[in-house]
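K.L.:
What follows is start_4.pdb; its format and atoms are PDB, C-alpha atoms.
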ATOM      1  CA  MET P   1      89.180 134.425  64.948
ATOM      2  CA  ALA P   2      87.768 131.293  63.351
ATOM      3  CA  GLU P   3      88.731 132.588  59.923
ATOM      4  CA  ALA P   4      92.244 133.278  61.140
ATOM      5  CA  ILE P   5      92.556 129.708  62.390
ATOM      6  CA  LEU P   6      91.178 128.357  59.116
ATOM      7  CA  ASP P   7      93.564 130.531  57.148
ATOM      8  CA  GLN P   8      96.436 129.324  59.283
ATOM      9  CA  GLY P   9      95.427 125.693  58.742
ATOM     10  CA  ALA P  10      95.007 126.203  55.023
ATOM     11  CA  GLY P  11      98.348 127.934  54.790
ATOM     12  CA  GLN P  12     100.085 125.106  56.596
ATOM     13  CA  THR P  13      98.394 122.505  54.439
ATOM     14  CA  GLY P  14      99.635 124.089  51.310
ATOM     15  CA  GLY P  15     103.057 125.098  52.491
ATOM     16  CA  HIS P  16     104.778 121.821  53.220
ATOM     17  CA  ASP P  17     107.835 120.226  51.806
ATOM     18  CA  ALA P  18     107.836 116.776  50.231
ATOM     19  CA  SER P  19     108.526 114.984  53.512
ATOM     20  CA  HIS P  20     105.183 116.209  54.879
ATOM     21  CA  ASP P  21     103.106 115.341  51.808
ATOM     22  CA  GLU P  22     101.351 112.398  53.419
ATOM     23  CA  HIS P  23     100.289 114.480  56.427
ATOM     24  CA  HIS P  24      96.811 115.962  56.551
ATOM     25  CA  TYR P  25      96.185 118.890  58.801
ATOM     26  CA  THR P  26      92.995 120.015  60.485
ATOM     27  CA  ALA P  27      91.876 123.643  60.679
ATOM     28  CA  THR P  28      93.800 123.896  63.956
ATOM     29  CA  GLY P  29      97.029 123.074  62.120
ATOM     30  CA  LEU P  30      97.256 119.732  63.926
ATOM     31  CA  ASP P  31      97.759 116.484  62.073
ATOM     32  CA  SER P  32      94.350 114.889  61.516
ATOM     33  CA  TRP P  33      95.681 111.358  62.183
ATOM     34  CA  LYS P  34      96.979 112.442  65.553
ATOM     35  CA  VAL P  35      93.806 114.315  66.506
ATOM     36  CA  GLY P  36      91.747 111.298  65.464
ATOM     37  CA  PHE P  37      93.955 108.904  67.387
ATOM     38  CA  TRP P  38      93.872 110.973  70.557
ATOM     39  CA  THR P  39      90.072 111.036  70.261
ATOM     40  CA  PHE P  40      90.125 107.249  69.928
ATOM     41  CA  ILE P  41      92.318 106.994  73.031
ATOM     42  CA  GLY P  42      89.886 109.245  74.920
ATOM     43  CA  SER P  43      87.040 106.905  73.965
ATOM     44  CA  GLU P  44      89.139 103.915  75.028
ATOM     45  CA  CYS P  45      89.373 105.474  78.493
ATOM     46  CA  LEU P  46      85.590 105.158  78.698
ATOM     47  CA  PHE P  47      85.718 101.583  77.399
ATOM     48  CA  PHE P  48      88.170 100.470  80.075
ATOM     49  CA  GLY P  49      86.331 102.681  82.584
ATOM     50  CA  THR P  50      83.195 100.575  82.145
ATOM     51  CA  LEU P  51      85.127  97.315  82.574
ATOM     52  CA  LEU P  52      86.951  98.652  85.621
ATOM     53  CA  SER P  53      83.678  99.948  87.100
ATOM     54  CA  THR P  54      82.142  96.504  86.738
ATOM     55  CA  TYR P  55      85.120  94.888  88.477
ATOM     56  CA  MET P  56      85.031  97.458  91.295
ATOM     57  CA  VAL P  57      81.252  97.184  91.786
ATOM     58  CA  TYR P  58      81.444  93.405  92.139
ATOM     59  CA  LYS P  59      84.613  93.455  94.226
ATOM     60  CA  GLY P  60      84.106  91.264  97.285
ATOM     61  CA  ALA P  61      80.712  90.062  96.045
ATOM     62  CA  SER P  62      81.761  86.517  95.103
ATOM     63  CA  LEU P  63      79.911  83.868  97.116
ATOM     64  CA  GLU P  64      82.599  81.217  96.726
ATOM     65  CA  GLY P  65      86.334  81.073  96.105
ATOM     66  CA  PRO P  66      88.933  81.157  94.885
ATOM     67  CA  TYR P  67      89.150  84.774  95.997
ATOM     68  CA  PRO P  68      91.636  87.337  94.646
ATOM     69  CA  ARG P  69      93.931  87.210  97.708
ATOM     70  CA  GLU P  70      94.169  83.411  97.436
ATOM     71  CA  ILE P  71      95.260  83.187  93.825
ATOM     72  CA  PHE P  72      97.009  86.419  92.835
ATOM     73  CA  ASP P  73     100.749  85.949  92.429
ATOM     74  CA  ILE P  74     101.999  89.479  93.135
ATOM     75  CA  PRO P  75     105.724  88.857  92.408
ATOM     76  CA  LEU P  76     104.833  87.394  88.993
ATOM     77  CA  THR P  77     102.435  90.228  88.162
ATOM     78  CA  THR P  78     105.031  92.765  89.318
ATOM     79  CA  LEU P  79     107.511  91.244  86.886
ATOM     80  CA  SER P  80     105.034  91.420  84.012
ATOM     81  CA  THR P  81     104.183  95.020  84.976
ATOM     82  CA  PHE P  82     107.882  95.880  84.930
ATOM     83  CA  VAL P  83     108.247  94.279  81.489
ATOM     84  CA  LEU P  84     105.329  96.325  80.119
ATOM     85  CA  LEU P  85     106.688  99.560  81.631
ATOM     86  CA  MET P  86     110.100  98.931  80.102
ATOM     87  CA  SER P  87     108.467  98.177  76.752
ATOM     88  CA  SER P  88     107.063 101.720  76.888
ATOM     89  CA  LEU P  89     110.596 103.021  77.422
ATOM     90  CA  ALA P  90     111.792 100.944  74.453
ATOM     91  CA  MET P  91     108.909 102.314  72.366
ATOM     92  CA  VAL P  92     109.881 105.913  72.967
ATOM     93  CA  LEU P  93     113.548 105.105  72.228
ATOM     94  CA  GLY P  94     112.485 103.374  69.002
ATOM     95  CA  LEU P  95     110.503 106.453  67.970
ATOM     96  CA  ASP P  96     113.527 108.603  68.786
ATOM     97  CA  GLY P  97     115.605 106.393  66.479
ATOM     98  CA  VAL P  98     113.088 106.655  63.621
ATOM     99  CA  GLN P  99     112.805 110.441  63.975
ATOM    100  CA  LYS P 100     116.597 110.797  63.859
ATOM    101  CA  GLY P 101     116.966 108.372  60.937
ATOM    102  CA  GLU P 102     119.037 105.956  63.056
ATOM    103  CA  ARG P 103     117.863 102.754  61.398
ATOM    104  CA  LYS P 104     119.667 100.197  63.573
ATOM    105  CA  LYS P 105     118.634 101.899  66.792
ATOM    106  CA  ALA P 106     115.011 102.104  65.634
ATOM    107  CA  ALA P 107     114.915  98.436  64.590
ATOM    108  CA  PHE P 108     116.567  97.297  67.844
ATOM    109  CA  TRP P 109     114.166  99.146  70.143
ATOM    110  CA  LEU P 110     111.086  98.243  68.100
ATOM    111  CA  GLY P 111     112.251  94.629  68.376
ATOM    112  CA  VAL P 112     112.560  95.028  72.146
ATOM    113  CA  VAL P 113     108.984  96.361  72.326
ATOM    114  CA  VAL P 114     107.670  93.381  70.351
ATOM    115  CA  VAL P 115     109.603  90.880  72.501
ATOM    116  CA  PHE P 116     108.549  92.527  75.781
ATOM    117  CA  GLY P 117     104.931  92.678  74.605
ATOM    118  CA  ALA P 118     105.077  88.968  73.769
ATOM    119  CA  ILE P 119     106.616  88.222  77.198
ATOM    120  CA  PHE P 120     103.780  90.145  78.881
ATOM    121  CA  LEU P 121     101.247  88.065  76.922
ATOM    122  CA  GLY P 122     103.127  84.924  77.979
ATOM    123  CA  PHE P 123     102.785  85.950  81.624
ATOM    124  CA  GLN P 124      99.076  86.566  81.117
ATOM    125  CA  TYR P 125      98.621  83.178  79.451
ATOM    126  CA  TYR P 126     100.419  81.507  82.375
ATOM    127  CA  GLU P 127      98.301  83.428  84.896
ATOM    128  CA  PHE P 128      95.000  82.594  83.201
ATOM    129  CA  ASN P 129      96.027  78.940  82.900
ATOM    130  CA  HIS P 130      96.960  78.830  86.585
ATOM    131  CA  PHE P 131      93.660  80.437  87.610
ATOM    132  CA  LEU P 132      91.675  77.974  85.493
ATOM    133  CA  HIS P 133      93.435  75.083  87.240
ATOM    134  CA  GLU P 134      92.503  76.680  90.561
ATOM    135  CA  GLY P 135      88.859  76.547  89.481
ATOM    136  CA  LEU P 136      88.351  80.199  88.557
ATOM    137  CA  THR P 137      86.506  80.251  85.241
ATOM    138  CA  LEU P 138      84.604  82.990  83.417
ATOM    139  CA  GLN P 139      81.291  81.558  84.674
ATOM    140  CA  HIS P 140      82.422  80.545  88.176
ATOM    141  CA  SER P 141      81.834  83.802  90.048
ATOM    142  CA  VAL P 142      81.416  87.534  89.593
ATOM    143  CA  PHE P 143      85.115  87.881  90.403
ATOM    144  CA  GLY P 144      85.988  85.432  87.614
ATOM    145  CA  SER P 145      83.682  87.129  85.098
ATOM    146  CA  SER P 146      84.748  90.700  85.797
ATOM    147  CA  PHE P 147      88.450  89.805  86.163
ATOM    148  CA  TYR P 148      88.729  87.810  82.935
ATOM    149  CA  VAL P 149      86.733  90.351  80.904
ATOM    150  CA  LEU P 150      88.820  93.290  82.163
ATOM    151  CA  THR P 151      92.267  91.725  81.888
ATOM    152  CA  GLY P 152      91.284  89.731  78.789
ATOM    153  CA  PHE P 153      90.339  92.881  76.884
ATOM    154  CA  HIS P 154      93.596  94.463  78.005
ATOM    155  CA  GLY P 155      95.469  91.400  76.751
ATOM    156  CA  ALA P 156      93.600  91.651  73.432
ATOM    157  CA  HIS P 157      94.782  95.261  73.133
ATOM    158  CA  VAL P 158      98.365  94.177  73.860
ATOM    159  CA  THR P 159      98.048  91.485  71.168
ATOM    160  CA  VAL P 160      96.875  94.067  68.604
ATOM    161  CA  GLY P 161      99.798  96.293  69.638
ATOM    162  CA  VAL P 162     102.332  93.479  69.226
ATOM    163  CA  ILE P 163     101.003  92.689  65.728
ATOM    164  CA  TRP P 164     101.003  96.387  64.760
ATOM    165  CA  LEU P 165     104.547  96.920  66.048
ATOM    166  CA  THR P 166     105.751  93.745  64.329
ATOM    167  CA  THR P 167     104.658  95.222  60.991
ATOM    168  CA  LEU P 168     106.607  98.403  61.818
ATOM    169  CA  LEU P 169     109.627  96.319  62.847
ATOM    170  CA  VAL P 170     109.560  94.499  59.493
ATOM    171  CA  GLN P 171     109.378  97.866  57.679
ATOM    172  CA  SER P 172     112.278  99.112  59.772
ATOM    173  CA  LEU P 173     114.404  96.039  59.000
ATOM    174  CA  ARG P 174     113.698  96.556  55.279
ATOM    175  CA  GLY P 175     114.864 100.148  55.611
ATOM    176  CA  LYS P 176     111.460 101.567  54.764
ATOM    177  CA  LEU P 177     110.876 103.293  58.109
ATOM    178  CA  THR P 178     112.450 106.614  57.238
ATOM    179  CA  PRO P 179     112.091 109.808  59.332
ATOM    180  CA  ASP P 180     109.179 111.015  57.190
ATOM    181  CA  LYS P 181     107.276 107.908  58.393
ATOM    182  CA  ALA P 182     107.858 108.844  62.047
ATOM    183  CA  LEU P 183     104.202 109.775  62.494
ATOM    184  CA  GLN P 184     103.199 106.127  61.852
ATOM    185  CA  VAL P 185     105.525 105.022  64.632
ATOM    186  CA  GLU P 186     104.383 107.836  66.918
ATOM    187  CA  ILE P 187     100.725 106.812  66.554
ATOM    188  CA  ALA P 188     101.573 103.147  67.188
ATOM    189  CA  GLY P 189     103.537 104.386  70.202
ATOM    190  CA  LEU P 190     100.528 106.324  71.507
ATOM    191  CA  TYR P 191      98.511 103.109  71.349
ATOM    192  CA  TRP P 192     101.238 101.142  73.106
ATOM    193  CA  HIS P 193     101.661 103.711  75.881
ATOM    194  CA  PHE P 194      97.893 103.781  76.357
ATOM    195  CA  VAL P 195      97.915 100.012  76.869
ATOM    196  CA  ASP P 196     100.663 100.607  79.427
ATOM    197  CA  ILE P 197      98.745 103.254  81.407
ATOM    198  CA  VAL P 198      95.659 101.030  81.494
ATOM    199  CA  TRP P 199      97.819  98.324  83.078
ATOM    200  CA  ILE P 200      99.243 100.817  85.588
ATOM    201  CA  VAL P 201      95.666 101.371  86.799
ATOM    202  CA  ILE P 202      94.695  97.678  86.681
ATOM    203  CA  PHE P 203      97.825  96.642  88.590
ATOM    204  CA  VAL P 204      96.954  98.892  91.528
ATOM    205  CA  LEU P 205      93.152  98.671  91.592
ATOM    206  CA  VAL P 206      92.854  94.955  90.843
ATOM    207  CA  TYR P 207      96.036  93.371  92.208
ATOM    208  CA  LEU P 208      97.445  95.575  94.972
ATOM    209  CA  ILE P 209      94.302  96.972  96.606
ATOM    210  CA  PRO P 210      92.341  94.084  98.101
TER     211      PRO P 210
ATOM    212  CA  MET I   1      99.754 131.289  69.603
ATOM    213  CA  SER I   2     102.283 133.442  67.872
ATOM    214  CA  GLU I   3     104.978 131.753  69.983
ATOM    215  CA  THR I   4     103.984 128.333  68.753
ATOM    216  CA  THR I   5     106.734 126.694  66.753
ATOM    217  CA  HIS I   6     106.199 125.165  63.318
ATOM    218  CA  ASP I   7     106.380 121.696  64.833
ATOM    219  CA  ASP I   8     104.108 122.522  67.762
ATOM    220  CA  ALA I   9     101.420 123.801  65.425
ATOM    221  CA  HIS I  10     101.295 120.337  63.843
ATOM    222  CA  GLY I  11     101.390 118.513  67.118
ATOM    223  CA  ASP I  12     104.875 117.236  66.359
ATOM    224  CA  GLY I  13     106.377 119.232  69.228
ATOM    225  CA  ALA I  14     110.038 118.868  70.155
ATOM    226  CA  HIS I  15     110.608 115.752  72.244
ATOM    227  CA  ALA I  16     113.058 115.041  75.041
ATOM    228  CA  SER I  17     116.439 113.327  74.734
ATOM    229  CA  ALA I  18     117.029 109.576  74.990
ATOM    230  CA  GLY I  19     118.797 110.091  78.338
ATOM    231  CA  PHE I  20     115.727 111.826  79.713
ATOM    232  CA  TYR I  21     113.526 108.895  78.643
ATOM    233  CA  TRP I  22     115.885 106.481  80.442
ATOM    234  CA  MET I  23     115.540 108.589  83.573
ATOM    235  CA  ILE I  24     111.728 108.509  83.329
ATOM    236  CA  GLY I  25     111.857 104.728  82.796
ATOM    237  CA  GLY I  26     114.035 104.371  85.896
ATOM    238  CA  ILE I  27     111.661 106.466  87.992
ATOM    239  CA  LEU I  28     108.699 104.385  86.787
ATOM    240  CA  ALA I  29     110.526 101.183  87.780
ATOM    241  CA  VAL I  30     111.343 102.598  91.235
ATOM    242  CA  LEU I  31     107.745 103.730  91.789
ATOM    243  CA  THR I  32     106.511 100.234  90.859
ATOM    244  CA  ALA I  33     108.956  98.725  93.371
ATOM    245  CA  ILE I  34     107.642 101.113  96.057
ATOM    246  CA  GLU I  35     104.054 100.096  95.232
ATOM    247  CA  VAL I  36     104.875  96.422  95.714
ATOM    248  CA  ALA I  37     106.783  97.185  98.926
ATOM    249  CA  LEU I  38     103.703  99.018 100.252
ATOM    250  CA  TYR I  39     101.586  95.973  99.390
ATOM    251  CA  TYR I  40     103.736  93.739 101.603
ATOM    252  CA  VAL I  41     104.537  96.228 104.412
ATOM    253  CA  LYS I  42     100.944  97.489 104.644
ATOM    254  CA  PRO I  43     101.599 100.830 106.322
ATOM    255  CA  PRO I  44      98.743 103.105 107.470
ATOM    256  CA  MET I  45      97.191 104.934 104.483
ATOM    257  CA  GLU I  46      98.376 102.133 102.182
ATOM    258  CA  GLN I  47      95.538 102.515  99.686
ATOM    259  CA  PRO I  48      95.763 106.317  99.227
ATOM    260  CA  MET I  49      99.537 105.989  98.847
ATOM    261  CA  LEU I  50      99.115 103.299  96.178
ATOM    262  CA  LEU I  51      96.585 105.453  94.328
ATOM    263  CA  ILE I  52      98.889 108.483  94.439
ATOM    264  CA  LEU I  53     101.883 106.488  93.171
ATOM    265  CA  SER I  54      99.752 105.016  90.406
ATOM    266  CA  ALA I  55      98.553 108.514  89.429
ATOM    267  CA  VAL I  56     102.163 109.789  89.332
ATOM    268  CA  LYS I  57     103.177 106.910  87.024
ATOM    269  CA  PHE I  58     100.125 107.558  84.844
ATOM    270  CA  VAL I  59     100.948 111.273  84.508
ATOM    271  CA  MET I  60     104.615 110.552  83.749
ATOM    272  CA  VAL I  61     103.745 108.150  80.931
ATOM    273  CA  ILE I  62     101.166 110.425  79.283
ATOM    274  CA  GLY I  63     103.277 113.540  79.851
ATOM    275  CA  TYR I  64     106.680 112.313  78.695
ATOM    276  CA  PHE I  65     106.289 109.037  76.799
ATOM    277  CA  MET I  66     103.080 110.122  75.025
ATOM    278  CA  HIS I  67     104.534 113.635  74.686
ATOM    279  CA  LEU I  68     101.463 115.458  75.984
ATOM    280  CA  LYS I  69     103.767 117.804  77.886
ATOM    281  CA  PHE I  70     105.455 118.837  74.638
ATOM    282  CA  ASP I  71     102.521 118.597  72.215
ATOM    283  CA  SER I  72      99.552 120.839  71.517
ATOM    284  CA  LYS I  73      97.170 121.364  74.441
ATOM    285  CA  ILE I  74      94.326 120.301  72.154
ATOM    286  CA  PHE I  75      95.541 116.686  72.427
ATOM    287  CA  THR I  76      95.527 117.019  76.212
ATOM    288  CA  GLY I  77      91.975 118.374  76.074
ATOM    289  CA  VAL I  78      90.729 115.589  73.809
ATOM    290  CA  PHE I  79      92.307 112.920  76.016
ATOM    291  CA  MET I  80      91.218 114.501  79.293
ATOM    292  CA  ALA I  81      87.598 114.697  78.128
ATOM    293  CA  GLY I  82      87.438 110.909  77.914
ATOM    294  CA  LEU I  83      89.571 110.344  80.986
ATOM    295  CA  VAL I  84      87.577 112.675  83.252
ATOM    296  CA  LEU I  85      84.284 111.116  82.139
ATOM    297  CA  ALA I  86      85.706 107.640  82.789
ATOM    298  CA  MET I  87      87.013 108.643  86.242
ATOM    299  CA  PHE I  88      83.654 110.180  87.119
ATOM    300  CA  MET I  89      81.839 107.017  86.037
ATOM    301  CA  VAL I  90      84.129 104.689  88.022
ATOM    302  CA  SER I  91      83.975 106.930  91.115
ATOM    303  CA  ALA I  92      80.184 107.318  90.950
ATOM    304  CA  LEU I  93      79.583 103.579  90.663
ATOM    305  CA  VAL I  94      82.060 102.705  93.423
ATOM    306  CA  VAL I  95      80.437 105.250  95.771
ATOM    307  CA  LEU I  96      76.973 104.023  94.786
ATOM    308  CA  TYR I  97      77.676 100.360  95.417
ATOM    309  CA  HIS I  98      80.260 100.422  98.209
ATOM    310  CA  PHE I  99      79.650 103.513 100.317
ATOM    311  CA  LEU I 100      75.903 104.204 100.255
ATOM    312  CA  PRO I 101      73.549 102.217 102.514
ATOM    313  CA  ALA I 102      72.293  99.086 100.744
ATOM    314  CA  GLN I 103      68.643 100.193 100.676
ATOM    315  CA  GLN I 104      69.585 103.270  98.617
ATOM    316  CA  VAL I 105      71.311 101.227  95.916
ATOM    317  CA  PRO I 106      69.181 100.050  92.967
ATOM    318  CA  VAL I 107      69.016  96.290  92.477
ATOM    319  CA  VAL I 108      71.282  94.998  89.693
ATOM    320  CA  GLY I 109      69.697  92.791  87.040
TER     321      GLY I 109
END
Output the file's structure in the form of structure tokens.

P.N.:
Amino acid sequence: MAEAILDQGAGQTGGHDASHDEHHYTATGLDSWKVGFWTFIGSECLFFGTLLSTYMVYKGASLEGPYPREIFDIPLTTLSTFVLLMSSLAMVLGLDGVQKGERKKAAFWLGVVVVFGAIFLGFQYYEFNHFLHEGLTLQHSVFGSSFYVLTGFHGAHVTVGVIWLTTLLVQSLRGKLTPDKALQVEIAGLYWHFVDIVWIVIFVLVYLIP
Amino acid sequence: MSETTHDDAHGDGAHASAGFYWMIGGILAVLTAIEVALYYVKPPMEQPMLLILSAVKFVMVIGYFMHLKFDSKIFTGVFMAGLVLAMFMVSALVVLYHFLPAQQVPVVG
């Protein structure tokens, strides 16, 4: 059985056309970049799991305010959540454009993802600034520490995603993002969607559930 | 395995149409609006409902936007391994610190 799988993988590795030359396949026949990236995403689940656990454990343990209910601006956070969700939609439409060789469509939607990602970061900057003025600092309370570390690391991931997607947008505008490079966009998309699903969890567990 | 397509074998499985992605995006937006409405209305069972809606959104994004529904099941397995461990860790710590009597919880720090 194992030999059959290895044979299959070896056969697929050797039997590709020019457009697949840059792809490397594992013994399972799956692209090694994609397997590696999914493994990375699995490990990132544990990373954010630890941060979320810390926030949940210390929830309600702050001895002095401001408390979450007093300072969270739910309408604003809802808007930023909506922007991030729609950026995921734009990402998948951008990938669709790259895969189909529709250059203008790909560049437009990748541009939308970058702009929406930047808007999300703008919302987060405004929120952090507002909280600091309210007296909630990283050292102020366990709520402040666990909240800033959790959402700050998420924001750092969004920042990395925006930079990564900007490089892809530039390639797209230069006409270098051809369908045979779709895997690059797909992997960047996996990262971006992961950032989105982390926020889906944070939005409910941190903001909506007291 | 013999039914696996050339693309599927490489994890580049056939993806959905642009119209389908728009529909998923619309559903995600509606579910988010329902979550926020629940936050303000505060019906009975608010928290379980919020968790269920969040889980539905999560599954829709990984299934359709991240293409796990169309791709090789190996990717699902690799992702789920990390996700299940993370969920177990979060659940265990929340139960330990919020639901067990204080004297049974080890002192932090």

K.L.:
Can you measure atom CA of P:Val206 to atom CA of I:Ala92 for me? One decimal in Å is fine.

P.N.:
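Separating atom CA of P:Val206 from atom CA of I:Ala92 is a distance of 17.7 Å.
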
K.L.:
Counting only C-alpha atoms, a student should be able to say which residues of chain P come within 8 Å of chain I; what is the right answer, written as a PyMOL selection string?

P.N.:
chain P and resi 25+28-31+34-35+38-39+41-46+49-50+52-53+56-57+74+78+82+85-86+88-89+92-93+96+189-190+193-194+197+200-201+204+208-209

K.L.:
Taking the file as I've supplied it (selection: the PyMOL selection byres ((chain P and resi 185) around 9)), which residues are included? Please answer as a PDB file with C-alpha atoms, in the frame of the given file.

P.N.:
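Produced file expr_5.pdb, reproduced below:
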ATOM      1  CA  MET P  91     108.909 102.314  72.366  1.00  0.00           C
ATOM      2  CA  GLY P  94     112.485 103.374  69.002  1.00  0.00           C
ATOM      3  CA  LEU P  95     110.503 106.453  67.970  1.00  0.00           C
ATOM      4  CA  VAL P  98     113.088 106.655  63.621  1.00  0.00           C
ATOM      5  CA  LEU P 165     104.547  96.920  66.048  1.00  0.00           C
ATOM      6  CA  LEU P 168     106.607  98.403  61.818  1.00  0.00           C
ATOM      7  CA  LEU P 177     110.876 103.293  58.109  1.00  0.00           C
ATOM      8  CA  LYS P 181     107.276 107.908  58.393  1.00  0.00           C
ATOM      9  CA  ALA P 182     107.858 108.844  62.047  1.00  0.00           C
ATOM     10  CA  LEU P 183     104.202 109.775  62.494  1.00  0.00           C
ATOM     11  CA  GLN P 184     103.199 106.127  61.852  1.00  0.00           C
ATOM     12  CA  GLU P 186     104.383 107.836  66.918  1.00  0.00           C
ATOM     13  CA  ILE P 187     100.725 106.812  66.554  1.00  0.00           C
ATOM     14  CA  ALA P 188     101.573 103.147  67.188  1.00  0.00           C
ATOM     15  CA  GLY P 189     103.537 104.386  70.202  1.00  0.00           C
ATOM     16  CA  LEU P 190     100.528 106.324  71.507  1.00  0.00           C
TER      17      LEU P 190
END

K.L.:
Enter the distance from atom CA of P:Gly122 to atom CA of P:Leu76, in Å, rounded to one decimal.

P.N.:
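The value is 11.4 Å.
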
K.L.:
Check which residues satisfy the PyMOL selection byres ((chain P and resi 128-145) around 9) in the file shown, then give them as a list of chain:residue names.

P.N.:
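So the PyMOL selection byres ((chain P and resi 128-145) around 9), applied here, picks out P:Tyr55, P:Tyr58, P:Lys59, P:Gly60, P:Ala61, P:Ser62, P:Leu63, P:Glu64, P:Gly65, P:Pro66, P:Tyr67, P:Pro68, P:Ile71, P:Phe72, P:Phe123, P:Gln124, P:Tyr125, P:Tyr126, P:Glu127, P:Ser146, P:Phe147, P:Tyr148, P:Val149, P:Leu150.
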
K.L.:
Give the padded box for stretch 204-208 of chain P as AutoDock Vina command-line options: axis-aligned, covering all atoms listed in the file, 5 Å on each side, centre and edge lengths in Å to one decimal.

P.N.:
--center_x 95.1 --center_y 96.1 --center_z 92.9 --size_x 14.6 --size_y 15.5 --size_z 14.1

K.L.:
Interatomic distance between atom CA of P:Ala118 and atom CA of P:Pro210?

P.N.:
27.9 Å

K.L.:
Could you add N, CA and C atoms to stretch 51-64 of chain I and give me the result as a PDB file, in the coordinates of the input?

P.N.:
ATOM      1  N   LEU I  51      97.309 104.693  95.362  1.00  0.00           N
ATOM      2  CA  LEU I  51      96.585 105.453  94.328  1.00  0.00           C
ATOM      3  C   LEU I  51      97.406 106.652  93.856  1.00  0.00           C
ATOM      4  N   ILE I  52      98.069 107.313  94.815  1.00  0.00           N
ATOM      5  CA  ILE I  52      98.889 108.483  94.439  1.00  0.00           C
ATOM      6  C   ILE I  52     100.068 108.060  93.562  1.00  0.00           C
ATOM      7  N   LEU I  53     100.742 106.974  93.966  1.00  0.00           N
ATOM      8  CA  LEU I  53     101.883 106.488  93.171  1.00  0.00           C
ATOM      9  C   LEU I  53     101.447 106.083  91.763  1.00  0.00           C
ATOM     10  N   SER I  54     100.284 105.428  91.698  1.00  0.00           N
ATOM     11  CA  SER I  54      99.752 105.016  90.406  1.00  0.00           C
ATOM     12  C   SER I  54      99.453 106.244  89.540  1.00  0.00           C
ATOM     13  N   ALA I  55      98.876 107.277  90.164  1.00  0.00           N
ATOM     14  CA  ALA I  55      98.553 108.514  89.429  1.00  0.00           C
ATOM     15  C   ALA I  55      99.830 109.195  88.925  1.00  0.00           C
ATOM     16  N   VAL I  56     100.884 109.172  89.743  1.00  0.00           N
ATOM     17  CA  VAL I  56     102.163 109.789  89.332  1.00  0.00           C
ATOM     18  C   VAL I  56     102.723 109.047  88.112  1.00  0.00           C
ATOM     19  N   LYS I  57     102.687 107.701  88.164  1.00  0.00           N
ATOM     20  CA  LYS I  57     103.177 106.910  87.024  1.00  0.00           C
ATOM     21  C   LYS I  57     102.355 107.208  85.767  1.00  0.00           C
ATOM     22  N   PHE I  58     101.041 107.278  85.956  1.00  0.00           N
ATOM     23  CA  PHE I  58     100.125 107.558  84.844  1.00  0.00           C
ATOM     24  C   PHE I  58     100.485 108.894  84.181  1.00  0.00           C
ATOM     25  N   VAL I  59     100.653 109.929  85.021  1.00  0.00           N
ATOM     26  CA  VAL I  59     100.948 111.273  84.508  1.00  0.00           C
ATOM     27  C   VAL I  59     102.312 111.295  83.808  1.00  0.00           C
ATOM     28  N   MET I  60     103.283 110.573  84.366  1.00  0.00           N
ATOM     29  CA  MET I  60     104.615 110.552  83.749  1.00  0.00           C
ATOM     30  C   MET I  60     104.575 109.913  82.362  1.00  0.00           C
ATOM     31  N   VAL I  61     103.817 108.824  82.235  1.00  0.00           N
ATOM     32  CA  VAL I  61     103.745 108.150  80.931  1.00  0.00           C
ATOM     33  C   VAL I  61     103.038 109.031  79.906  1.00  0.00           C
ATOM     34  N   ILE I  62     101.878 109.603  80.293  1.00  0.00           N
ATOM     35  CA  ILE I  62     101.166 110.425  79.283  1.00  0.00           C
ATOM     36  C   ILE I  62     101.916 111.728  79.010  1.00  0.00           C
ATOM     37  N   GLY I  63     102.579 112.262  80.022  1.00  0.00           N
ATOM     38  CA  GLY I  63     103.277 113.540  79.851  1.00  0.00           C
ATOM     39  C   GLY I  63     104.542 113.421  79.030  1.00  0.00           C
ATOM     40  N   TYR I  64     105.365 112.414  79.337  1.00  0.00           N
ATOM     41  CA  TYR I  64     106.680 112.313  78.695  1.00  0.00           C
ATOM     42  C   TYR I  64     106.741 111.275  77.576  1.00  0.00           C
TER      43      TYR I  64
END
